[in-house]
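Worksheet: one structure, shown below.
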Amino acid sequence: MLRNALRKDLLLNARHLWGILPWFLWVAYAMSEPDAGRITAVGAAFIGSLMAATIGAREDKLRTTATLASLPVSRRTLVEARYVVAYAVGVATYAVVVAMAALLPWSVQRVGELVQTRTLLLTLALASGAIAALLPVVIRFGILGVVVFLGVFQMLGVGLMVAFEFFGLRSSVGVFSAIERGIAALHRGLDQPVVIVQTAVVVGLAVWSSYRLSAFLAERREL
Amino acid sequence: MNSDYALELRGVRKSYPGFTLKDVCFTLPRGVIGGLIGPNGSGKTTIIKLIMNLVRREAGEIRVFGLDNRAAEVEVKSRIGFVYDVPGYWDDQSLDSQRRALGAFYPRWSDETFLRLAREFSLPLDKKYKALSHGAKTTFALAMALSHEADLLIMDEPTAGLDLIVRRELLRRLSVLLQDEGKSVLFSTHITSDLERVADVITFIRAGEVVFSLGRDELLDGWAIVRGDDRVIRELDPRLVKGSRCRPFGVEALVSDGVSARRSVGSRAVVDKVTLDDVMVLMTAEDRHAA
């Protein structure tokens with residue numbers, strides 16, 4: 001049944017996933033920029049996963065959620081498929097960026113850097129974070145959930161900018177650099193087995209909790 | 001519970017702000033077409049959603065072929081063909097893509113049946129869903145529902161918005177389906193003439209309560225309309241009077257026993273056969289009079 005649910009997601013929502021194509025134009029340009037390879041690949045996988053995670057929002061808009069719930073498949077299986085598709089699209093997106101780095105004539109990226117274990121693990125951790133945060137919201141609230149989710153982040157960003165511009169709170173800008181430094185530190189640390197295990201535990205718990213929450217919400221959602 | 005029934009609802013309850021479905025009980029025997037009728041907002045769609053487990057019941061029991069619709073959800077749904085009042089499919093995908101993606105979920109899906117129905121309904125399989133007319137969208141939903149050898153077909157207002165010819169064709173197919181294959185059907189509608197044409201059992205819902213669930217012949221042959229002077233109508237046994245309304249000539253009353261009513265009023269009033277329209281109007285009118 002999971003296979004059918006995956007097939008359905010990919011077959012009927014392919015058009016939604018093609019929405020990621022414009023991102024690849026930027027990727028193609030970025031391949032000529034030194035040191036842009038890693039961030040481009042991580043970013044592409046992150047965006048790809050987010051895009052796939054919002055399939056539920058599209059289905060909600062098309063009123064197909066009730067059609068799906070009338071099929072002989074449990075809502076839990078449909079939720080599982082959402083997670084698997086989000087990861088699958090993230091992996092596929094990353095693979096396309098690696099292929100572009102290797103094949104585009106103007107690429108100055110070192111492919112070896114993109115397939116380093118620590119870079120792959122960092123990508124997995126970041127994409128997992130996005131999937132874990134977004135999917136329960138999409139599954140419970142559909143398109144409205146995506147709008148609210150993005151709106152909250154937008155408001156946080158605007159709030160930080162206002163704090164910096166009008167109140168001179170430098171610490172507000174420091175938030176962004178702290179995030180950047182944190183990601184860089186994690187990337188460096190992912191060479192060490194202890195950090196890998198710690199990260200795997202945190203990410204695993206986050207995704208497992210997110211999945212349990214999503215299944216709980218899906219089973220109780222009234223359509 | 002007796003699994004000779006395609007569908008059994010016992011004491012089913014569901015509340016929304018301002019509306020409660022109260023202890024709904026009715027059954028649908030196997031091989032029978034059942035119709036759910038009632039005014040708008042009476043709870044027809046909620047009952048269908050409860051059967052399909054699209055909303056959660058608060059109390060009671062729903063069994064499909066003897067199986068609990070929640071505990072055995074996957075098995076129950078594999079035996080049901082479902083047509084929503086507003087069918088929801090993927091707008092930008094062709095009918096054929098949707099057939100391939102959704103048919104795979106049903107263990108008894110038959111491409112052959114689907115393609116035959118698509119031909120008979122003149123469905124353009126290569127066209128996108130959004131390019132279809134409302135009637136074609138409904139017939140596509142019906143073709144999907146009929147292509148996996150469902151034992152029970154549940155349809156919420158399937159004929160709403162369809163023109164007369166498509167409606168008649170749809171109803172003819174339902175009858176054929178039953179005669180040929182012994183399927184059971186439950187459908188809600190506010191077009192009572194559709195039910196008179198095909199339904200064997202009629203369940204009337206008003207304000208979240210089942211008022212009656214009777215065989216069509218029992219209802220249409222047994223019940224009657226009495227038209228006459230107010231004083232004559234008052235002489236009828238109150239237990240028989242199910243609804244009444246004032247008319248220019250006097251009073252019109254719906255009675256559940258035409259023979260007794262005829263005996264009671266004699267030639268002082270006119271006793272006519274009842275139609276489902278009369279039942280709908282008069283039973284809803286009673287509500288208004290009571291208020």
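In the structure tokens, chains take the letters A, B, ... in the order shown, each chain's residues start at 1, and ligands count up from 1 in the order shown.
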As JSON, numbers by chain, please: the residues near stretch 126-130 of chain B (cut-off 6 Å, only C-alpha atoms, same-chain neighbours under 4 positions excluded).
{"B": [91, 92, 93, 94]}
If you run DSSP on the backbone here, which positions in stretch 18-70 of chain A get alpha helix (DSSP H)? Please write them as number ranges by chain.
A: 21-30, 37-53, 55-61, 65-69
For B:Arg234: contacts at 12 Å, only C-alpha atoms, fewer than 4 positions along chain excluded, given as a ChimeraX atom specification:
/B:226-230,238-241,244,250-253,261,264-265,269
Excluding A:Arg76 and its own-chain neighbours fewer than 4 positions away, which residues fall within 8 Å of it when counting only C-alpha atoms? Please give them as JSON, numbers by chain.
{"A": [80, 215, 218, 219]}
Give me a file of those residues, with N, CA and C atoms, as a CSV table (one decimal), in the first residue's frame.
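Okay, this is what ended up in out38.csv:
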chain,number,residue,atom,x,y,z
A,80,GLU,N,2.9,8.2,5.9
A,80,GLU,CA,4.2,7.6,5.7
A,80,GLU,C,4.7,8.0,4.3
A,215,ALA,N,0.6,11.5,12.0
A,215,ALA,CA,-0.3,10.4,11.9
A,215,ALA,C,-1.5,10.6,12.8
A,218,ALA,N,-3.6,13.3,11.2
A,218,ALA,CA,-4.3,12.9,10.0
A,218,ALA,C,-5.5,12.0,10.4
A,219,GLU,N,-5.3,11.1,11.4
A,219,GLU,CA,-6.4,10.2,11.7
A,219,GLU,C,-7.5,10.9,12.4
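Here atom CA of B:Ala199 is placed at a distance of 9.5 Å from atom CA of B:Leu36.
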Residues of chain A within 10 Å of chain B, using only C-alpha atoms, as a PyMOL selection string?
chain A and resi 1-16+58-75+219-223
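Taking atom CA of B:Gly161 and atom CA of B:Val201 as the two end points, the separation is 23.5 Å.
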Calculated over only C-alpha atoms, which of the candidates B:Lys137, B:Lys22, B:His190, B:Arg172 has the smallest distance to B:Asp277?
B:His190
Quick one: residues within 10 Å of B:Asp151, only C-alpha atoms counted, chain neighbours fewer than 3 positions away excluded, as a PyMOL selection string?
chain B and resi 6+30-31+64-65+76+78-81+146+148+154+178+181-185
Long-range neighbours of A:Gly43 as a PDB file with N, CA and C atoms, in the first residue's frame, 12 Å cut-off, only C-alpha atoms, 3 positions minimum in chain:
ATOM      1  N   ILE A  20      10.256  23.032  -8.957  1.00  0.00           N
ATOM      2  CA  ILE A  20      11.625  23.219  -8.480  1.00  0.00           C
ATOM      3  C   ILE A  20      12.593  23.571  -9.629  1.00  0.00           C
ATOM      4  N   TRP A  23      14.702  26.732  -9.693  1.00  0.00           N
ATOM      5  CA  TRP A  23      15.820  26.682  -8.755  1.00  0.00           C
ATOM      6  C   TRP A  23      17.077  26.171  -9.450  1.00  0.00           C
ATOM      7  N   PHE A  24      16.905  25.215 -10.371  1.00  0.00           N
ATOM      8  CA  PHE A  24      18.062  24.639 -11.057  1.00  0.00           C
ATOM      9  C   PHE A  24      18.732  25.643 -12.008  1.00  0.00           C
ATOM     10  N   TRP A  26      19.224  28.720 -11.191  1.00  0.00           N
ATOM     11  CA  TRP A  26      20.152  29.401 -10.298  1.00  0.00           C
ATOM     12  C   TRP A  26      21.341  28.492  -9.988  1.00  0.00           C
ATOM     13  N   VAL A  27      21.050  27.199  -9.802  1.00  0.00           N
ATOM     14  CA  VAL A  27      22.112  26.224  -9.530  1.00  0.00           C
ATOM     15  C   VAL A  27      23.112  26.240 -10.699  1.00  0.00           C
ATOM     16  N   ALA A  30      25.198  29.219 -10.397  1.00  0.00           N
ATOM     17  CA  ALA A  30      26.080  29.148  -9.225  1.00  0.00           C
ATOM     18  C   ALA A  30      27.263  28.201  -9.435  1.00  0.00           C
ATOM     19  N   ALA A  36      30.636  27.924  -4.188  1.00  0.00           N
ATOM     20  CA  ALA A  36      29.161  27.957  -4.069  1.00  0.00           C
ATOM     21  C   ALA A  36      28.550  26.563  -4.129  1.00  0.00           C
ATOM     22  N   GLY A  37      29.355  25.570  -4.473  1.00  0.00           N
ATOM     23  CA  GLY A  37      28.819  24.228  -4.713  1.00  0.00           C
ATOM     24  C   GLY A  37      28.081  23.638  -3.530  1.00  0.00           C
ATOM     25  N   ARG A  38      28.754  23.680  -2.359  1.00  0.00           N
ATOM     26  CA  ARG A  38      28.167  23.019  -1.190  1.00  0.00           C
ATOM     27  C   ARG A  38      26.845  23.656  -0.782  1.00  0.00           C
ATOM     28  N   ILE A  39      26.876  24.984  -0.671  1.00  0.00           N
ATOM     29  CA  ILE A  39      25.650  25.649  -0.208  1.00  0.00           C
ATOM     30  C   ILE A  39      24.519  25.475  -1.224  1.00  0.00           C
ATOM     31  N   THR A  40      24.890  25.432  -2.507  1.00  0.00           N
ATOM     32  CA  THR A  40      23.880  25.241  -3.551  1.00  0.00           C
ATOM     33  C   THR A  40      23.252  23.857  -3.450  1.00  0.00           C
ATOM     34  N   PHE A  46      17.260  20.962   0.380  1.00  0.00           N
ATOM     35  CA  PHE A  46      16.355  21.557   1.363  1.00  0.00           C
ATOM     36  C   PHE A  46      15.069  22.024   0.676  1.00  0.00           C
ATOM     37  N   ILE A  47      15.240  22.759  -0.437  1.00  0.00           N
ATOM     38  CA  ILE A  47      14.070  23.274  -1.172  1.00  0.00           C
ATOM     39  C   ILE A  47      13.259  22.113  -1.765  1.00  0.00           C
ATOM     40  N   GLY A  48      13.971  21.119  -2.308  1.00  0.00           N
ATOM     41  CA  GLY A  48      13.288  19.961  -2.903  1.00  0.00           C
ATOM     42  C   GLY A  48      12.417  19.251  -1.876  1.00  0.00           C
ATOM     43  N   SER A  49      12.964  19.059  -0.673  1.00  0.00           N
ATOM     44  CA  SER A  49      12.197  18.392   0.390  1.00  0.00           C
ATOM     45  C   SER A  49      10.986  19.224   0.785  1.00  0.00           C
ATOM     46  N   LEU A  50      11.204  20.536   0.903  1.00  0.00           N
ATOM     47  CA  LEU A  50      10.078  21.413   1.267  1.00  0.00           C
ATOM     48  C   LEU A  50       8.977  21.358   0.219  1.00  0.00           C
ATOM     49  N   GLY A  90      14.238  15.156  -1.966  1.00  0.00           N
ATOM     50  CA  GLY A  90      15.446  15.820  -1.470  1.00  0.00           C
ATOM     51  C   GLY A  90      16.705  15.135  -1.996  1.00  0.00           C
ATOM     52  N   VAL A  91      16.723  13.818  -1.934  1.00  0.00           N
ATOM     53  CA  VAL A  91      17.891  13.043  -2.419  1.00  0.00           C
ATOM     54  C   VAL A  91      18.057  13.243  -3.925  1.00  0.00           C
ATOM     55  N   THR A  93      17.051  15.726  -5.762  1.00  0.00           N
ATOM     56  CA  THR A  93      17.478  17.096  -6.048  1.00  0.00           C
ATOM     57  C   THR A  93      18.984  17.239  -5.814  1.00  0.00           C
ATOM     58  N   TYR A  94      19.448  16.658  -4.715  1.00  0.00           N
ATOM     59  CA  TYR A  94      20.881  16.721  -4.401  1.00  0.00           C
ATOM     60  C   TYR A  94      21.693  16.034  -5.506  1.00  0.00           C
ATOM     61  N   VAL A  97      22.097  18.196  -8.539  1.00  0.00           N
ATOM     62  CA  VAL A  97      23.102  19.258  -8.361  1.00  0.00           C
ATOM     63  C   VAL A  97      24.513  18.674  -8.507  1.00  0.00           C
ATOM     64  N   THR A 119      29.115  16.458   4.454  1.00  0.00           N
ATOM     65  CA  THR A 119      28.202  17.347   3.705  1.00  0.00           C
ATOM     66  C   THR A 119      26.860  16.650   3.484  1.00  0.00           C
ATOM     67  N   LEU A 120      26.942  15.355   3.165  1.00  0.00           N
ATOM     68  CA  LEU A 120      25.695  14.595   2.965  1.00  0.00           C
ATOM     69  C   LEU A 120      24.894  14.527   4.269  1.00  0.00           C
ATOM     70  N   LEU A 122      25.035  16.658   6.771  1.00  0.00           N
ATOM     71  CA  LEU A 122      24.495  17.988   7.087  1.00  0.00           C
ATOM     72  C   LEU A 122      23.222  18.232   6.275  1.00  0.00           C
ATOM     73  N   THR A 123      23.273  17.865   5.008  1.00  0.00           N
ATOM     74  CA  THR A 123      22.096  18.042   4.143  1.00  0.00           C
ATOM     75  C   THR A 123      20.920  17.245   4.689  1.00  0.00           C
ATOM     76  N   LEU A 124      21.215  16.010   5.088  1.00  0.00           N
ATOM     77  CA  LEU A 124      20.159  15.147   5.627  1.00  0.00           C
ATOM     78  C   LEU A 124      19.555  15.764   6.888  1.00  0.00           C
ATOM     79  N   LEU A 126      19.516  19.000   7.818  1.00  0.00           N
ATOM     80  CA  LEU A 126      18.752  20.227   7.544  1.00  0.00           C
ATOM     81  C   LEU A 126      17.418  19.907   6.856  1.00  0.00           C
ATOM     82  N   ALA A 127      17.485  19.003   5.872  1.00  0.00           N
ATOM     83  CA  ALA A 127      16.242  18.639   5.172  1.00  0.00           C
ATOM     84  C   ALA A 127      15.274  17.955   6.144  1.00  0.00           C
ATOM     85  N   ALA A 130      13.474  20.513   8.174  1.00  0.00           N
ATOM     86  CA  ALA A 130      12.403  21.179   7.419  1.00  0.00           C
ATOM     87  C   ALA A 130      11.193  20.265   7.290  1.00  0.00           C
TER      88      ALA A 130
END
Residues within 8 Å of B:Glu58, only C-alpha atoms, excluding chain neighbours under 3 positions, as a VMD selection string
chain B and resid 12 to 15
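With only C-alpha atoms as the atoms that count, the residue of A:Gly189, A:Ala125, A:Leu104, A:Gly157 with the shortest distance to A:Phe176 is A:Gly157.
The interatomic distance for the pair atom CA of A:Ser107 and atom CA of A:Ala92 works out to 19.5 Å.
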